[in-house]
>>> print(open('my_file.txt').read())   # compact mmCIF, N, CA and C atoms
# COMPACT_ATOMS: atom_id res chain seq x y z
N MET A 16 -75.26 -101.27 -123.62
CA MET A 16 -74.89 -101.01 -122.25
C MET A 16 -76.03 -101.49 -121.35
N ALA A 17 -75.71 -102.29 -120.34
CA ALA A 17 -76.71 -102.79 -119.39
C ALA A 17 -76.97 -101.74 -118.33
N VAL A 18 -78.24 -101.59 -118.01
CA VAL A 18 -78.63 -100.60 -117.01
C VAL A 18 -79.10 -101.35 -115.76
N ASN A 19 -78.55 -101.03 -114.62
CA ASN A 19 -78.94 -101.63 -113.35
C ASN A 19 -79.65 -100.59 -112.49
N TYR A 20 -80.96 -100.65 -112.48
CA TYR A 20 -81.73 -99.75 -111.62
C TYR A 20 -82.12 -100.49 -110.36
N GLY A 21 -82.01 -99.87 -109.21
CA GLY A 21 -82.42 -100.47 -107.94
C GLY A 21 -81.42 -101.51 -107.47
N SER A 22 -81.82 -102.20 -106.42
CA SER A 22 -80.93 -103.21 -105.86
C SER A 22 -81.30 -104.58 -106.40
N LYS A 23 -80.29 -105.37 -106.60
CA LYS A 23 -80.51 -106.74 -107.06
C LYS A 23 -80.77 -107.62 -105.83
N ARG A 24 -81.82 -108.39 -105.90
CA ARG A 24 -82.17 -109.25 -104.78
C ARG A 24 -81.24 -110.46 -104.75
N ILE A 25 -80.66 -110.70 -103.59
CA ILE A 25 -79.79 -111.85 -103.41
C ILE A 25 -80.62 -112.95 -102.74
N VAL A 26 -80.80 -114.06 -103.44
CA VAL A 26 -81.60 -115.17 -102.93
C VAL A 26 -80.68 -116.12 -102.19
N VAL A 27 -80.99 -116.36 -100.93
CA VAL A 27 -80.19 -117.27 -100.12
C VAL A 27 -81.11 -118.25 -99.41
N GLY A 28 -80.53 -119.26 -98.81
CA GLY A 28 -81.31 -120.20 -98.01
C GLY A 28 -81.84 -121.35 -98.84
N ALA A 29 -82.66 -122.16 -98.19
CA ALA A 29 -83.16 -123.38 -98.82
C ALA A 29 -84.54 -123.20 -99.42
N HIS A 30 -85.13 -122.02 -99.32
CA HIS A 30 -86.44 -121.70 -99.92
C HIS A 30 -87.57 -122.57 -99.37
N TYR A 31 -87.57 -122.87 -98.08
CA TYR A 31 -88.63 -123.69 -97.50
C TYR A 31 -89.84 -122.84 -97.14
N GLY A 32 -89.65 -121.70 -96.56
CA GLY A 32 -90.66 -120.71 -96.24
C GLY A 32 -92.07 -121.17 -96.00
N LEU A 33 -92.95 -120.95 -96.99
CA LEU A 33 -94.37 -121.23 -96.85
C LEU A 33 -94.65 -122.70 -96.59
N ARG A 34 -93.96 -123.58 -97.29
CA ARG A 34 -94.20 -125.01 -97.11
C ARG A 34 -93.96 -125.45 -95.66
N ASP A 35 -92.87 -125.00 -95.08
CA ASP A 35 -92.57 -125.39 -93.70
C ASP A 35 -93.47 -124.68 -92.70
N TRP A 36 -93.81 -123.44 -92.98
CA TRP A 36 -94.75 -122.72 -92.11
C TRP A 36 -96.08 -123.46 -92.09
N LEU A 37 -96.56 -123.87 -93.26
CA LEU A 37 -97.82 -124.60 -93.35
C LEU A 37 -97.71 -125.97 -92.69
N ALA A 38 -96.58 -126.65 -92.91
CA ALA A 38 -96.38 -127.97 -92.30
C ALA A 38 -96.41 -127.89 -90.78
N GLN A 39 -95.79 -126.85 -90.21
CA GLN A 39 -95.81 -126.67 -88.76
C GLN A 39 -97.25 -126.49 -88.27
N ARG A 40 -98.04 -125.71 -88.99
CA ARG A 40 -99.43 -125.47 -88.56
C ARG A 40 -100.28 -126.71 -88.71
N VAL A 41 -100.16 -127.41 -89.83
CA VAL A 41 -100.97 -128.61 -90.07
C VAL A 41 -100.63 -129.70 -89.07
N THR A 42 -99.34 -129.95 -88.84
CA THR A 42 -98.97 -130.98 -87.87
C THR A 42 -99.37 -130.57 -86.46
N GLY A 43 -99.29 -129.29 -86.15
CA GLY A 43 -99.73 -128.81 -84.84
C GLY A 43 -101.22 -129.03 -84.62
N VAL A 44 -102.03 -128.75 -85.64
CA VAL A 44 -103.48 -128.96 -85.55
C VAL A 44 -103.78 -130.45 -85.42
N LEU A 45 -103.08 -131.29 -86.18
CA LEU A 45 -103.29 -132.74 -86.09
C LEU A 45 -102.98 -133.25 -84.69
N MET A 46 -101.88 -132.77 -84.10
CA MET A 46 -101.54 -133.20 -82.75
C MET A 46 -102.56 -132.70 -81.73
N ALA A 47 -103.07 -131.49 -81.92
CA ALA A 47 -104.08 -130.96 -81.01
C ALA A 47 -105.38 -131.77 -81.10
N LEU A 48 -105.80 -132.11 -82.32
CA LEU A 48 -107.00 -132.92 -82.48
C LEU A 48 -106.84 -134.31 -81.86
N PHE A 49 -105.67 -134.89 -82.02
CA PHE A 49 -105.40 -136.19 -81.41
C PHE A 49 -105.49 -136.10 -79.89
N THR A 50 -104.95 -135.03 -79.34
CA THR A 50 -105.03 -134.82 -77.88
C THR A 50 -106.47 -134.72 -77.43
N VAL A 51 -107.30 -134.01 -78.18
CA VAL A 51 -108.72 -133.89 -77.84
C VAL A 51 -109.40 -135.26 -77.90
N ILE A 52 -109.08 -136.07 -78.92
CA ILE A 52 -109.68 -137.40 -79.04
C ILE A 52 -109.30 -138.27 -77.85
N VAL A 53 -108.03 -138.27 -77.48
CA VAL A 53 -107.59 -139.10 -76.34
C VAL A 53 -108.22 -138.60 -75.04
N LEU A 54 -108.26 -137.28 -74.84
CA LEU A 54 -108.89 -136.74 -73.62
C LEU A 54 -110.38 -137.07 -73.57
N ALA A 55 -111.05 -137.00 -74.71
CA ALA A 55 -112.47 -137.35 -74.75
C ALA A 55 -112.68 -138.82 -74.38
N GLN A 56 -111.82 -139.70 -74.89
CA GLN A 56 -111.94 -141.11 -74.53
C GLN A 56 -111.69 -141.32 -73.04
N LEU A 57 -110.75 -140.58 -72.48
CA LEU A 57 -110.49 -140.70 -71.04
C LEU A 57 -111.67 -140.21 -70.21
N MET A 58 -112.25 -139.10 -70.62
CA MET A 58 -113.35 -138.51 -69.86
C MET A 58 -114.65 -139.31 -69.99
N LEU A 59 -114.83 -139.98 -71.11
CA LEU A 59 -116.06 -140.74 -71.33
C LEU A 59 -115.98 -142.16 -70.78
N THR A 60 -114.83 -142.55 -70.27
CA THR A 60 -114.65 -143.89 -69.72
C THR A 60 -114.78 -143.84 -68.21
N LYS A 61 -115.52 -144.78 -67.69
CA LYS A 61 -115.71 -144.86 -66.24
C LYS A 61 -114.61 -145.73 -65.62
N GLY A 62 -114.35 -145.50 -64.37
CA GLY A 62 -113.39 -146.31 -63.65
C GLY A 62 -112.04 -145.65 -63.52
N PRO A 63 -111.14 -146.34 -62.84
CA PRO A 63 -109.80 -145.76 -62.61
C PRO A 63 -108.98 -145.75 -63.90
N ILE A 64 -108.09 -144.76 -63.95
CA ILE A 64 -107.21 -144.66 -65.11
C ILE A 64 -105.96 -145.46 -64.80
N GLY A 65 -105.80 -146.56 -65.51
CA GLY A 65 -104.65 -147.43 -65.31
C GLY A 65 -104.23 -148.05 -66.62
N TYR A 66 -103.41 -149.09 -66.52
CA TYR A 66 -102.90 -149.74 -67.72
C TYR A 66 -104.02 -150.31 -68.57
N ASP A 67 -105.02 -150.91 -67.92
CA ASP A 67 -106.13 -151.52 -68.68
C ASP A 67 -106.85 -150.49 -69.53
N LEU A 68 -107.09 -149.29 -68.98
CA LEU A 68 -107.77 -148.24 -69.73
C LEU A 68 -106.91 -147.78 -70.90
N TRP A 69 -105.63 -147.51 -70.66
CA TRP A 69 -104.75 -147.06 -71.73
C TRP A 69 -104.61 -148.13 -72.80
N SER A 70 -104.47 -149.38 -72.38
CA SER A 70 -104.36 -150.48 -73.33
C SER A 70 -105.64 -150.60 -74.16
N GLY A 71 -106.78 -150.39 -73.52
CA GLY A 71 -108.06 -150.45 -74.25
C GLY A 71 -108.20 -149.34 -75.27
N ILE A 72 -107.76 -148.16 -74.92
CA ILE A 72 -107.86 -147.02 -75.84
C ILE A 72 -107.01 -147.26 -77.08
N PHE A 73 -105.80 -147.76 -76.90
CA PHE A 73 -104.87 -147.90 -78.01
C PHE A 73 -104.86 -149.29 -78.64
N SER A 74 -105.80 -150.17 -78.27
CA SER A 74 -105.81 -151.52 -78.83
C SER A 74 -106.52 -151.60 -80.18
N ALA A 75 -107.43 -150.68 -80.46
CA ALA A 75 -108.14 -150.71 -81.74
C ALA A 75 -107.17 -150.36 -82.88
N GLN A 76 -107.32 -151.05 -84.01
CA GLN A 76 -106.41 -150.83 -85.13
C GLN A 76 -106.46 -149.39 -85.64
N TRP A 77 -107.66 -148.79 -85.69
CA TRP A 77 -107.78 -147.41 -86.18
C TRP A 77 -107.01 -146.45 -85.26
N MET A 78 -107.02 -146.74 -83.96
CA MET A 78 -106.31 -145.87 -83.01
C MET A 78 -104.80 -146.04 -83.15
N LYS A 79 -104.35 -147.26 -83.42
CA LYS A 79 -102.93 -147.49 -83.64
C LYS A 79 -102.46 -146.73 -84.88
N VAL A 80 -103.23 -146.79 -85.95
CA VAL A 80 -102.86 -146.09 -87.19
C VAL A 80 -102.90 -144.59 -86.96
N LEU A 81 -103.94 -144.10 -86.28
CA LEU A 81 -104.02 -142.67 -85.98
C LEU A 81 -102.85 -142.23 -85.11
N THR A 82 -102.53 -143.00 -84.10
CA THR A 82 -101.42 -142.68 -83.21
C THR A 82 -100.11 -142.64 -83.97
N PHE A 83 -99.88 -143.63 -84.83
CA PHE A 83 -98.64 -143.64 -85.59
C PHE A 83 -98.59 -142.46 -86.56
N SER A 84 -99.72 -142.10 -87.15
CA SER A 84 -99.76 -140.93 -88.04
C SER A 84 -99.41 -139.66 -87.28
N VAL A 85 -99.93 -139.55 -86.07
CA VAL A 85 -99.62 -138.37 -85.25
C VAL A 85 -98.15 -138.38 -84.84
N ILE A 86 -97.60 -139.54 -84.57
CA ILE A 86 -96.18 -139.61 -84.22
C ILE A 86 -95.32 -139.19 -85.41
N ILE A 87 -95.68 -139.62 -86.61
CA ILE A 87 -94.94 -139.19 -87.81
C ILE A 87 -95.07 -137.68 -87.97
N ALA A 88 -96.28 -137.14 -87.75
CA ALA A 88 -96.48 -135.69 -87.83
C ALA A 88 -95.62 -134.98 -86.78
N LEU A 89 -95.56 -135.54 -85.57
CA LEU A 89 -94.74 -134.96 -84.51
C LEU A 89 -93.27 -134.96 -84.89
N LEU A 90 -92.80 -136.08 -85.45
CA LEU A 90 -91.39 -136.17 -85.84
C LEU A 90 -91.07 -135.16 -86.95
N TYR A 91 -91.98 -134.99 -87.90
CA TYR A 91 -91.74 -134.00 -88.96
C TYR A 91 -91.76 -132.58 -88.37
N HIS A 92 -92.69 -132.35 -87.45
CA HIS A 92 -92.80 -131.06 -86.76
C HIS A 92 -91.48 -130.74 -86.05
N VAL A 93 -90.95 -131.73 -85.35
CA VAL A 93 -89.68 -131.55 -84.63
C VAL A 93 -88.54 -131.31 -85.62
N TRP A 94 -88.51 -132.07 -86.73
CA TRP A 94 -87.43 -131.90 -87.69
C TRP A 94 -87.43 -130.48 -88.28
N VAL A 95 -88.59 -130.00 -88.69
CA VAL A 95 -88.66 -128.66 -89.27
C VAL A 95 -88.20 -127.62 -88.25
N GLY A 96 -88.66 -127.75 -87.02
CA GLY A 96 -88.27 -126.80 -85.98
C GLY A 96 -86.79 -126.85 -85.67
N MET A 97 -86.26 -128.05 -85.50
CA MET A 97 -84.84 -128.18 -85.17
C MET A 97 -83.96 -127.72 -86.33
N ARG A 98 -84.35 -128.05 -87.55
CA ARG A 98 -83.56 -127.62 -88.70
C ARG A 98 -83.52 -126.09 -88.78
N ASP A 99 -84.67 -125.46 -88.54
CA ASP A 99 -84.71 -124.00 -88.58
C ASP A 99 -83.87 -123.38 -87.46
N VAL A 100 -83.96 -123.95 -86.27
CA VAL A 100 -83.16 -123.44 -85.15
C VAL A 100 -81.67 -123.60 -85.45
N LEU A 101 -81.28 -124.77 -85.95
CA LEU A 101 -79.87 -124.99 -86.26
C LEU A 101 -79.40 -124.08 -87.38
N MET A 102 -80.22 -123.86 -88.41
CA MET A 102 -79.83 -122.97 -89.49
C MET A 102 -79.73 -121.53 -89.02
N ASP A 103 -80.57 -121.14 -88.07
CA ASP A 103 -80.56 -119.76 -87.58
C ASP A 103 -79.44 -119.47 -86.60
N TYR A 104 -79.10 -120.44 -85.75
CA TYR A 104 -78.19 -120.16 -84.65
C TYR A 104 -76.81 -120.79 -84.76
N ILE A 105 -76.62 -121.79 -85.61
CA ILE A 105 -75.28 -122.37 -85.81
C ILE A 105 -74.80 -121.86 -87.18
N THR A 106 -74.24 -120.66 -87.18
CA THR A 106 -73.85 -120.04 -88.45
C THR A 106 -72.35 -120.05 -88.68
N ALA A 107 -71.56 -120.10 -87.62
CA ALA A 107 -70.11 -119.98 -87.77
C ALA A 107 -69.50 -121.26 -88.33
N ALA A 108 -69.91 -122.41 -87.83
CA ALA A 108 -69.31 -123.68 -88.24
C ALA A 108 -70.35 -124.52 -88.98
N VAL A 109 -70.24 -124.55 -90.29
CA VAL A 109 -71.19 -125.31 -91.11
C VAL A 109 -71.09 -126.80 -90.79
N TRP A 110 -69.89 -127.30 -90.52
CA TRP A 110 -69.72 -128.72 -90.21
C TRP A 110 -70.45 -129.09 -88.93
N LEU A 111 -70.47 -128.19 -87.94
CA LEU A 111 -71.16 -128.46 -86.69
C LEU A 111 -72.66 -128.53 -86.92
N ARG A 112 -73.18 -127.61 -87.73
CA ARG A 112 -74.61 -127.63 -88.05
C ARG A 112 -74.97 -128.93 -88.76
N LEU A 113 -74.13 -129.38 -89.69
CA LEU A 113 -74.39 -130.62 -90.41
C LEU A 113 -74.38 -131.82 -89.45
N VAL A 114 -73.40 -131.86 -88.56
CA VAL A 114 -73.32 -132.95 -87.59
C VAL A 114 -74.57 -132.97 -86.70
N LEU A 115 -75.00 -131.79 -86.24
CA LEU A 115 -76.20 -131.72 -85.39
C LEU A 115 -77.45 -132.10 -86.16
N GLN A 116 -77.53 -131.73 -87.43
CA GLN A 116 -78.69 -132.12 -88.24
C GLN A 116 -78.72 -133.63 -88.46
N ILE A 117 -77.57 -134.22 -88.73
CA ILE A 117 -77.50 -135.68 -88.91
C ILE A 117 -77.86 -136.38 -87.61
N PHE A 118 -77.36 -135.88 -86.48
CA PHE A 118 -77.71 -136.46 -85.18
C PHE A 118 -79.22 -136.37 -84.96
N THR A 119 -79.82 -135.24 -85.30
CA THR A 119 -81.26 -135.06 -85.13
C THR A 119 -82.04 -136.06 -85.97
N ILE A 120 -81.62 -136.24 -87.22
CA ILE A 120 -82.30 -137.20 -88.10
C ILE A 120 -82.19 -138.62 -87.55
N VAL A 121 -81.00 -139.01 -87.14
CA VAL A 121 -80.81 -140.36 -86.60
C VAL A 121 -81.65 -140.55 -85.34
N TRP A 122 -81.67 -139.55 -84.48
CA TRP A 122 -82.46 -139.63 -83.25
C TRP A 122 -83.95 -139.75 -83.57
N LEU A 123 -84.45 -138.97 -84.53
CA LEU A 123 -85.87 -139.01 -84.89
C LEU A 123 -86.24 -140.35 -85.54
N VAL A 124 -85.37 -140.90 -86.37
CA VAL A 124 -85.64 -142.23 -86.95
C VAL A 124 -85.67 -143.28 -85.85
N GLY A 125 -84.78 -143.17 -84.87
CA GLY A 125 -84.81 -144.08 -83.73
C GLY A 125 -86.10 -143.96 -82.94
N CYS A 126 -86.56 -142.74 -82.76
CA CYS A 126 -87.84 -142.53 -82.06
C CYS A 126 -88.99 -143.15 -82.83
N ALA A 127 -88.97 -143.06 -84.16
CA ALA A 127 -90.02 -143.66 -84.98
C ALA A 127 -90.02 -145.19 -84.82
N GLY A 128 -88.83 -145.78 -84.83
CA GLY A 128 -88.73 -147.23 -84.62
C GLY A 128 -89.24 -147.65 -83.26
N TRP A 129 -88.87 -146.90 -82.26
CA TRP A 129 -89.34 -147.19 -80.90
C TRP A 129 -90.86 -147.06 -80.82
N ALA A 130 -91.42 -146.03 -81.47
CA ALA A 130 -92.87 -145.82 -81.46
C ALA A 130 -93.60 -147.00 -82.11
N ILE A 131 -93.04 -147.51 -83.20
CA ILE A 131 -93.65 -148.68 -83.86
C ILE A 131 -93.69 -149.86 -82.90
N GLN A 132 -92.59 -150.09 -82.19
CA GLN A 132 -92.55 -151.20 -81.24
C GLN A 132 -93.59 -151.03 -80.14
N VAL A 133 -93.69 -149.83 -79.61
CA VAL A 133 -94.62 -149.58 -78.51
C VAL A 133 -96.06 -149.72 -78.96
N ILE A 134 -96.40 -149.12 -80.08
CA ILE A 134 -97.79 -149.11 -80.53
C ILE A 134 -98.27 -150.50 -80.88
N TRP A 135 -97.49 -151.26 -81.63
CA TRP A 135 -97.96 -152.55 -82.08
C TRP A 135 -97.67 -153.68 -81.09
N ARG A 136 -97.12 -153.35 -79.93
CA ARG A 136 -96.95 -154.33 -78.88
C ARG A 136 -98.18 -154.41 -78.01
N LEU A 137 -99.00 -153.36 -78.01
CA LEU A 137 -100.19 -153.35 -77.14
C LEU A 137 -101.16 -154.44 -77.51
>>> encode(input="my_file.txt", output="structure tokens")
Amino acid sequence: MAVNYGSKRIVVGAHYGLRDWLAQRVTGVLMALFTVIVLAQLMLTKGPIGYDLWSGIFSAQWMKVLTFSVIIALLYHVWVGMRDVLMDYITAAVWLRLVLQIFTIVWLVGCAGWAIQVIWRL
């Protein structure tokens, strides 16, 4: 005879938990550090802030790679946040949540493509 003591835990969801919590924090810190680097470059540069200054800041190859890395981090940050919001608040219609998640992915991939064009056009 099997004995069932206590309540049986029902496991639901996609089990992202700690990984996504950590990803949100790491990408957030990376974006904050990038902001500090760009602000430091702006403050340490003399003269008016215009196209020439912005073009100069982002013309170095290391800055282009860093910028693209931060954009990828931003896109992942957005995906994790949007997926969690959609999973939490679109509960009645699973098809609607799926459509919105697919739209979000397509939109984020489009943003990545646009970012590549902008960064490497400078």
>>> atom_distance(input="my_file.txt", atom1="atom C of Met97 (chain A)", atom2="CA of Trp129 (chain A)")
20.9 Å
>>> residues_near_point(input="my_file.txt", point="(-85.7, -137.1, -83.3)", cutoff="10 Å", atoms="only C-alpha atoms", output="compact mmCIF listing (two decimals) with N, CA and C atoms, in the frame of the given file")
# COMPACT_ATOMS: atom_id res chain seq x y z
N LEU A 89 -95.56 -135.54 -85.57
CA LEU A 89 -94.74 -134.96 -84.51
C LEU A 89 -93.27 -134.96 -84.89
N LEU A 90 -92.80 -136.08 -85.45
CA LEU A 90 -91.39 -136.17 -85.84
C LEU A 90 -91.07 -135.16 -86.95
N TYR A 91 -91.98 -134.99 -87.90
CA TYR A 91 -91.74 -134.00 -88.96
C TYR A 91 -91.76 -132.58 -88.37
N HIS A 92 -92.69 -132.35 -87.45
CA HIS A 92 -92.80 -131.06 -86.76
C HIS A 92 -91.48 -130.74 -86.05
N VAL A 93 -90.95 -131.73 -85.35
CA VAL A 93 -89.68 -131.55 -84.63
C VAL A 93 -88.54 -131.31 -85.62
N TRP A 94 -88.51 -132.07 -86.73
CA TRP A 94 -87.43 -131.90 -87.69
C TRP A 94 -87.43 -130.48 -88.28
N MET A 97 -86.26 -128.05 -85.50
CA MET A 97 -84.84 -128.18 -85.17
C MET A 97 -83.96 -127.72 -86.33
N GLN A 116 -77.53 -131.73 -87.43
CA GLN A 116 -78.69 -132.12 -88.24
C GLN A 116 -78.72 -133.63 -88.46
N PHE A 118 -77.36 -135.88 -86.48
CA PHE A 118 -77.71 -136.46 -85.18
C PHE A 118 -79.22 -136.37 -84.96
N THR A 119 -79.82 -135.24 -85.30
CA THR A 119 -81.26 -135.06 -85.13
C THR A 119 -82.04 -136.06 -85.97
N ILE A 120 -81.62 -136.24 -87.22
CA ILE A 120 -82.30 -137.20 -88.10
C ILE A 120 -82.19 -138.62 -87.55
N VAL A 121 -81.00 -139.01 -87.14
CA VAL A 121 -80.81 -140.36 -86.60
C VAL A 121 -81.65 -140.55 -85.34
N TRP A 122 -81.67 -139.55 -84.48
CA TRP A 122 -82.46 -139.63 -83.25
C TRP A 122 -83.95 -139.75 -83.57
N LEU A 123 -84.45 -138.97 -84.53
CA LEU A 123 -85.87 -139.01 -84.89
C LEU A 123 -86.24 -140.35 -85.54
N VAL A 124 -85.37 -140.90 -86.37
CA VAL A 124 -85.64 -142.23 -86.95
C VAL A 124 -85.67 -143.28 -85.85
N GLY A 125 -84.78 -143.17 -84.87
CA GLY A 125 -84.81 -144.08 -83.73
C GLY A 125 -86.10 -143.96 -82.94
N CYS A 126 -86.56 -142.74 -82.76
CA CYS A 126 -87.84 -142.53 -82.06
C CYS A 126 -88.99 -143.15 -82.83
N ALA A 127 -88.97 -143.06 -84.16
CA ALA A 127 -90.02 -143.66 -84.98
C ALA A 127 -90.02 -145.19 -84.82
>>> residues_around(input="my_file.txt", residues="Thr42 (chain A)", least_positions_apart="3", cutoff="6.5 Å", atoms="all atoms listed in the file", output="list in words")
Leu37, Ala38, Gln39, Leu45, Met46, Ala47, Ala88, Leu89 and His92 of chain A
>>> write_last_selection(input="my_file.txt", atoms="N, CA and C atoms", output="CSV table (one decimal), in the coordinates of the input")
chain,number,residue,atom,x,y,z
A,37,LEU,N,-96.6,-123.9,-93.3
A,37,LEU,CA,-97.8,-124.6,-93.4
A,37,LEU,C,-97.7,-126.0,-92.7
A,38,ALA,N,-96.6,-126.6,-92.9
A,38,ALA,CA,-96.4,-128.0,-92.3
A,38,ALA,C,-96.4,-127.9,-90.8
A,39,GLN,N,-95.8,-126.8,-90.2
A,39,GLN,CA,-95.8,-126.7,-88.8
A,39,GLN,C,-97.2,-126.5,-88.3
A,45,LEU,N,-103.1,-131.3,-86.2
A,45,LEU,CA,-103.3,-132.7,-86.1
A,45,LEU,C,-103.0,-133.2,-84.7
A,46,MET,N,-101.9,-132.8,-84.1
A,46,MET,CA,-101.5,-133.2,-82.8
A,46,MET,C,-102.6,-132.7,-81.7
A,47,ALA,N,-103.1,-131.5,-81.9
A,47,ALA,CA,-104.1,-131.0,-81.0
A,47,ALA,C,-105.4,-131.8,-81.1
A,88,ALA,N,-96.3,-137.1,-87.8
A,88,ALA,CA,-96.5,-135.7,-87.8
A,88,ALA,C,-95.6,-135.0,-86.8
A,89,LEU,N,-95.6,-135.5,-85.6
A,89,LEU,CA,-94.7,-135.0,-84.5
A,89,LEU,C,-93.3,-135.0,-84.9
A,92,HIS,N,-92.7,-132.4,-87.4
A,92,HIS,CA,-92.8,-131.1,-86.8
A,92,HIS,C,-91.5,-130.7,-86.0
>>> select_by_dssp(input="my_file.txt", residues="chain A", states="helix (DSSP H, G or I)", output="MDAnalysis selection string")
chainID A and resid 32:59 66:72 76:104 109:136
>>> atom_distance(input="my_file.txt", atom1="atom C of Val133 (chain A)", atom2="CA of Lys79 (chain A)")
8.6 Å
>>> closest_residue(input="my_file.txt", among="A:Thr106, A:Phe49, A:Thr60, A:Asp35", to="Ser84 (chain A)", atoms="only C-alpha atoms")
A:Phe49
>>> closest_residue(input="my_file.txt", among="A:Leu33, A:Val41, A:Ile86, A:Ile72", to="Met58 (chain A)", atoms="only C-alpha atoms")
A:Ile72
>>> atom_distance(input="my_file.txt", atom1="CA of Trp69 (chain A)", atom2="CA of Leu57 (chain A)")
8.6 Å
>>> closest_residue(input="my_file.txt", among="A:Leu59, A:Leu115, A:Asp67, A:Ala130", to="Arg98 (chain A)", atoms="only N, CA and C atoms")
A:Leu115
>>> axis_aligned_box(input="my_file.txt", around="region 114-124 of chain A", padding_each_side="8 Å", output="JSON")
{"center_x": -79.8, "center_y": -137.5, "center_z": -86.1, "size_x": 28.9, "size_y": 27.6, "size_z": 21.7}
